[in-house]
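Enquirer: First the structure, which I've put down as C-alpha coordinates, then a few questions once you've had a look.
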Amino acid sequence: MDMKSFINAVIIICILVAAAVLARAFAQAKANNPVDSQESIKIAASDAPARILIPSIGVDAAIQHVGTTSQGNIGVPTNFKDVAWYAKGVIPGHSGQAVMDGHYDDNFGRQAVFGRLAKTRVGDEVYIKTQGGTTLRFKVTGVEMLETDHIPAYRLFPPSPSADTPSTVVLITCAGRWVALSKTYDKRVFVTATLAK
(Lines give C-alpha, C1' and ligand atoms only; values in the text may rest on other atoms or scores of the structure.)
Protein backbone atom coordinates (compact mmCIF):
# COMPACT_ATOMS: atom_id res chain seq x y z
CA MET A 1 0.00 0.00 0.00
CA ASP A 2 1.43 3.33 -1.03
CA MET A 3 1.35 6.41 1.20
CA LYS A 4 -1.62 8.00 -0.58
CA SER A 5 -3.78 4.86 -0.16
CA PHE A 6 -2.73 4.61 3.48
CA ILE A 7 -3.77 8.20 4.16
CA ASN A 8 -7.14 7.69 2.42
CA ALA A 9 -7.77 4.58 4.50
CA VAL A 10 -6.98 6.47 7.70
CA ILE A 11 -9.36 9.28 6.70
CA ILE A 12 -12.18 6.82 6.00
CA ILE A 13 -11.64 5.09 9.35
CA CYS A 14 -11.71 8.47 11.15
CA ILE A 15 -14.96 9.43 9.43
CA LEU A 16 -16.58 6.12 10.37
CA VAL A 17 -15.46 6.42 13.99
CA ALA A 18 -16.72 10.02 14.22
CA ALA A 19 -20.08 9.03 12.75
CA ALA A 20 -20.42 6.22 15.26
CA VAL A 21 -19.58 8.55 18.17
CA LEU A 22 -22.11 11.16 16.99
CA ALA A 23 -24.82 8.55 16.52
CA ARG A 24 -24.23 7.20 20.01
CA ALA A 25 -24.28 10.70 21.51
CA PHE A 26 -27.51 11.55 19.69
CA ALA A 27 -29.17 8.34 20.87
CA GLN A 28 -28.08 9.02 24.46
CA ALA A 29 -29.38 12.61 24.34
CA LYS A 30 -32.68 11.45 22.91
CA ALA A 31 -33.06 8.82 25.64
CA ASN A 32 -32.35 11.44 28.31
CA ASN A 33 -34.77 14.00 26.84
CA PRO A 34 -38.28 13.50 28.29
CA VAL A 35 -39.83 15.66 25.58
CA ASP A 36 -39.19 12.86 23.11
CA SER A 37 -41.56 10.45 24.87
CA GLN A 38 -45.23 10.42 23.92
CA GLU A 39 -46.21 10.22 27.59
CA SER A 40 -44.38 13.46 28.42
CA ILE A 41 -45.90 15.21 25.41
CA LYS A 42 -49.38 14.25 26.63
CA ILE A 43 -48.60 15.49 30.14
CA ALA A 44 -47.35 18.81 28.76
CA ALA A 45 -50.47 19.18 26.63
CA SER A 46 -52.77 18.55 29.58
CA ASP A 47 -50.79 21.01 31.71
CA ALA A 48 -51.04 23.80 29.13
CA PRO A 49 -53.18 26.75 30.26
CA ALA A 50 -56.70 27.11 28.89
CA ARG A 51 -58.32 29.88 30.94
CA ILE A 52 -57.34 32.63 33.40
CA LEU A 53 -59.44 34.21 36.15
CA ILE A 54 -58.53 37.27 38.23
CA PRO A 55 -61.60 37.90 40.43
CA SER A 56 -60.37 41.22 41.87
CA ILE A 57 -60.46 42.91 38.43
CA GLY A 58 -63.18 40.84 36.79
CA VAL A 59 -61.01 38.87 34.35
CA ASP A 60 -62.35 35.54 33.07
CA ALA A 61 -60.71 34.84 29.73
CA ALA A 62 -59.60 32.12 27.35
CA ILE A 63 -55.86 31.72 26.80
CA GLN A 64 -54.30 31.65 23.34
CA HIS A 65 -50.92 30.01 22.77
CA VAL A 66 -48.41 32.24 20.96
CA GLY A 67 -44.74 32.37 19.98
CA THR A 68 -42.69 35.37 18.90
CA THR A 69 -43.29 37.92 16.17
CA SER A 70 -40.98 38.59 13.22
CA GLN A 71 -39.45 41.39 15.33
CA GLY A 72 -38.64 38.94 18.13
CA ASN A 73 -41.35 40.17 20.50
CA ILE A 74 -43.74 37.90 22.36
CA GLY A 75 -46.98 37.50 20.41
CA VAL A 76 -50.23 39.07 21.54
CA PRO A 77 -53.83 37.81 21.45
CA THR A 78 -55.66 37.99 18.14
CA ASN A 79 -58.60 39.70 19.84
CA PHE A 80 -59.24 41.99 22.81
CA LYS A 81 -60.99 39.54 25.14
CA ASP A 82 -58.42 36.71 25.30
CA VAL A 83 -55.03 36.47 27.00
CA ALA A 84 -51.90 35.13 25.26
CA TRP A 85 -49.42 32.69 26.81
CA TYR A 86 -45.86 32.46 25.48
CA ALA A 87 -45.97 28.76 24.62
CA LYS A 88 -42.22 28.44 23.98
CA GLY A 89 -41.55 29.32 27.60
CA VAL A 90 -42.55 27.85 30.95
CA ILE A 91 -45.90 26.13 31.49
CA PRO A 92 -47.81 27.68 34.44
CA GLY A 93 -47.44 25.47 37.48
CA HIS A 94 -43.97 24.26 36.44
CA SER A 95 -40.69 25.63 37.81
CA GLY A 96 -39.85 29.03 36.40
CA GLN A 97 -41.62 32.08 35.01
CA ALA A 98 -44.54 31.71 32.62
CA VAL A 99 -45.35 34.83 30.61
CA MET A 100 -48.80 36.02 29.52
CA ASP A 101 -49.99 39.24 27.97
CA GLY A 102 -53.28 40.88 27.05
CA HIS A 103 -54.49 44.08 25.44
CA TYR A 104 -55.14 47.21 27.51
CA ASP A 105 -57.78 48.63 25.17
CA ASP A 106 -59.22 48.07 21.70
CA ASN A 107 -58.94 50.14 18.52
CA PHE A 108 -61.67 52.49 19.80
CA GLY A 109 -60.15 53.08 23.24
CA ARG A 110 -62.55 50.73 25.01
CA GLN A 111 -61.23 48.64 27.89
CA ALA A 112 -59.84 45.26 26.85
CA VAL A 113 -59.14 42.11 28.87
CA PHE A 114 -56.24 43.59 30.88
CA GLY A 115 -57.62 47.13 31.03
CA ARG A 116 -57.64 47.03 34.84
CA LEU A 117 -54.50 44.93 35.37
CA ALA A 118 -52.67 47.83 37.04
CA LYS A 119 -55.35 47.86 39.74
CA THR A 120 -54.35 44.41 41.05
CA ARG A 121 -52.76 44.39 44.47
CA VAL A 122 -50.31 42.13 46.29
CA GLY A 123 -52.30 39.23 47.72
CA ASP A 124 -54.91 39.14 44.94
CA GLU A 125 -55.56 35.68 43.56
CA VAL A 126 -55.04 34.51 39.98
CA TYR A 127 -56.52 31.20 38.85
CA ILE A 128 -55.32 29.32 35.79
CA LYS A 129 -57.31 26.38 34.47
CA THR A 130 -55.33 23.84 32.47
CA GLN A 131 -56.46 21.90 29.42
CA GLY A 132 -56.51 18.82 31.63
CA GLY A 133 -59.07 20.37 33.98
CA THR A 134 -56.76 21.30 36.88
CA THR A 135 -57.11 24.74 38.51
CA LEU A 136 -53.88 26.36 39.72
CA ARG A 137 -54.05 29.13 42.31
CA PHE A 138 -51.49 31.93 42.26
CA LYS A 139 -51.11 34.94 44.53
CA VAL A 140 -49.94 38.33 43.31
CA THR A 141 -46.53 39.14 44.79
CA GLY A 142 -45.63 42.24 42.79
CA VAL A 143 -47.09 45.00 40.59
CA GLU A 144 -44.68 47.17 38.57
CA MET A 145 -44.83 49.88 35.91
CA LEU A 146 -41.88 49.85 33.51
CA GLU A 147 -40.86 52.11 30.63
CA THR A 148 -41.58 50.31 27.35
CA ASP A 149 -38.17 51.20 25.91
CA HIS A 150 -36.25 50.04 28.98
CA ILE A 151 -37.57 46.57 29.76
CA PRO A 152 -34.68 44.15 30.44
CA ALA A 153 -34.75 41.09 28.18
CA TYR A 154 -34.64 38.75 31.18
CA ARG A 155 -38.03 40.06 32.32
CA LEU A 156 -39.57 38.53 29.19
CA PHE A 157 -37.13 35.71 28.49
CA PRO A 158 -35.66 34.65 31.86
CA PRO A 159 -32.83 32.10 32.20
CA SER A 160 -33.73 28.40 32.23
CA PRO A 161 -35.14 27.50 35.65
CA SER A 162 -33.78 24.87 38.02
CA ALA A 163 -35.93 22.26 39.73
CA ASP A 164 -36.30 24.40 42.87
CA THR A 165 -37.19 27.64 41.05
CA PRO A 166 -40.63 28.84 42.23
CA SER A 167 -43.51 28.65 39.78
CA THR A 168 -44.56 32.18 38.81
CA VAL A 169 -46.72 33.83 36.18
CA VAL A 170 -45.97 37.31 34.84
CA LEU A 171 -48.95 39.17 33.35
CA ILE A 172 -48.18 42.07 31.03
CA THR A 173 -50.20 44.84 29.41
CA CYS A 174 -49.80 48.42 28.17
CA ALA A 175 -50.15 51.54 30.29
CA GLY A 176 -49.21 55.19 30.41
CA ARG A 177 -49.31 57.57 27.45
CA TRP A 178 -50.12 56.68 23.84
CA VAL A 179 -47.20 57.43 21.53
CA ALA A 180 -48.56 58.00 18.02
CA LEU A 181 -45.17 57.69 16.33
CA SER A 182 -44.51 54.18 17.64
CA LYS A 183 -48.22 53.26 17.82
CA THR A 184 -48.01 51.93 21.35
CA TYR A 185 -48.11 53.05 24.98
CA ASP A 186 -44.95 54.27 26.70
CA LYS A 187 -45.25 51.97 29.72
CA ARG A 188 -45.97 48.34 30.54
CA VAL A 189 -47.60 46.86 33.62
CA PHE A 190 -45.89 43.76 35.01
CA VAL A 191 -47.89 41.72 37.55
CA THR A 192 -46.06 38.78 39.13
CA ALA A 193 -48.02 35.99 40.79
CA THR A 194 -46.54 32.98 42.60
CA LEU A 195 -48.09 29.52 42.84
CA ALA A 196 -49.82 29.18 46.20
CA LYS A 197 -49.00 26.22 48.42
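The chains in the C-alpha coordinates are called A, B, ... from first to last as shown; in each chain the residues are counted from 1, and the ligands are counted from 1 in the order shown.
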Excluding same-chain residues fewer than 4 positions from range 75-92 of chain A, what lies within 7 Å of it counting only C-alpha atoms, as a list in words?

Expert: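 Selected residues are Ala48, Pro49, Ala61, Ala62, Ile63, Gln64, His65, Val66, Gly67, Thr68, Thr69, Gly96, Gln97, Ala98, Val99, Met100, Asp101, Gly102, His103, Asp106, Ala112, Val113, Ser167 and Val169 of chain A.
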
Enquirer: For range 89-148 of chain A versus range 185-192 of chain A, which residues have an atom no more than 6 Å away, and what is each residue's nearest atom pair and distance in Å rounded to one decimal, using only C-alpha atoms, chain-then-number order, as JSON lines?

Expert:
```
{"residue": "A:Val140", "atom": "CA", "partner": "A:Thr192", "partner_atom": "CA", "distance": 5.7}
{"residue": "A:Thr141", "atom": "CA", "partner": "A:Thr192", "partner_atom": "CA", "distance": 5.7}
{"residue": "A:Gly142", "atom": "CA", "partner": "A:Thr192", "partner_atom": "CA", "distance": 5.1}
{"residue": "A:Val143", "atom": "CA", "partner": "A:Val191", "partner_atom": "CA", "distance": 4.5}
{"residue": "A:Glu144", "atom": "CA", "partner": "A:Phe190", "partner_atom": "CA", "distance": 5.1}
{"residue": "A:Met145", "atom": "CA", "partner": "A:Val189", "partner_atom": "CA", "distance": 4.7}
{"residue": "A:Leu146", "atom": "CA", "partner": "A:Arg188", "partner_atom": "CA", "distance": 5.3}
{"residue": "A:Glu147", "atom": "CA", "partner": "A:Lys187", "partner_atom": "CA", "distance": 4.5}
{"residue": "A:Thr148", "atom": "CA", "partner": "A:Lys187", "partner_atom": "CA", "distance": 4.7}
```

Enquirer: Pull N, CA and C atoms from the residues just selected and write them as a CSV table (one decimal), in the first residue's frame.

Expert:
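Okay, result-v3.csv is ready:
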```csv
chain,number,residue,atom,x,y,z
A,140,VAL,N,-50.7,37.2,43.8
A,140,VAL,CA,-49.9,38.3,43.3
A,140,VAL,C,-48.9,38.7,44.3
A,141,THR,N,-47.6,38.8,43.9
A,141,THR,CA,-46.5,39.1,44.8
A,141,THR,C,-45.8,40.4,44.4
A,142,GLY,N,-46.2,41.0,43.2
A,142,GLY,CA,-45.6,42.2,42.8
A,142,GLY,C,-46.4,42.9,41.6
A,143,VAL,N,-46.5,44.2,41.7
A,143,VAL,CA,-47.1,45.0,40.6
A,143,VAL,C,-46.1,46.1,40.2
A,144,GLU,N,-45.7,46.2,39.0
A,144,GLU,CA,-44.7,47.2,38.6
A,144,GLU,C,-45.1,47.9,37.3
A,145,MET,N,-44.6,49.1,37.1
A,145,MET,CA,-44.8,49.9,35.9
A,145,MET,C,-43.4,50.2,35.3
A,146,LEU,N,-43.2,49.7,34.1
A,146,LEU,CA,-41.9,49.9,33.5
A,146,LEU,C,-42.0,50.6,32.2
A,147,GLU,N,-40.9,51.4,31.9
A,147,GLU,CA,-40.9,52.1,30.6
A,147,GLU,C,-40.7,51.1,29.5
A,148,THR,N,-41.6,51.2,28.5
A,148,THR,CA,-41.6,50.3,27.3
A,148,THR,C,-40.2,50.1,26.7
```

Enquirer: Interatomic distance between CA of Ala44 in chain A and CA of Thr135 in chain A?

Expert: 15.0 Å

Enquirer: Give me, please, the distance in Å between CA of Ala50 in chain A and CA of Ile74 in chain A, quoted to one decimal.

Expert: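 Result for CA of Ala50 in chain A versus CA of Ile74 in chain A: 18.1 Å, one decimal.
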
Enquirer: Restricting the calculation to only C-alpha atoms: of A:Thr194, A:Val179, A:Lys139, A:Ala45, which residue gets closest to Thr120 in chain A?

Expert: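 Closest to Thr120 in chain A, using only C-alpha atoms: A:Lys139.
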
Enquirer: Pick the closest to Ala118 in chain A from A:Gly176, A:Pro158, A:Gly133, A:Pro152: which is it, counting only C-alpha atoms?

Expert: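 Of all the options, A:Gly176 lies closest to Ala118 in chain A.
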
Enquirer: A:Arg110, A:Arg116, A:Lys183, A:His94: which is nearest Pro161 in chain A, counting only C-alpha atoms?

Expert: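 Nearest to Pro161 in chain A: A:His94.
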
Enquirer: Just to confirm, what's the straight-line distance from CA of Leu117 in chain A to CA of Ile151 in chain A in Å (one decimal)?

Expert: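 These two atoms are separated by 17.9 Å.
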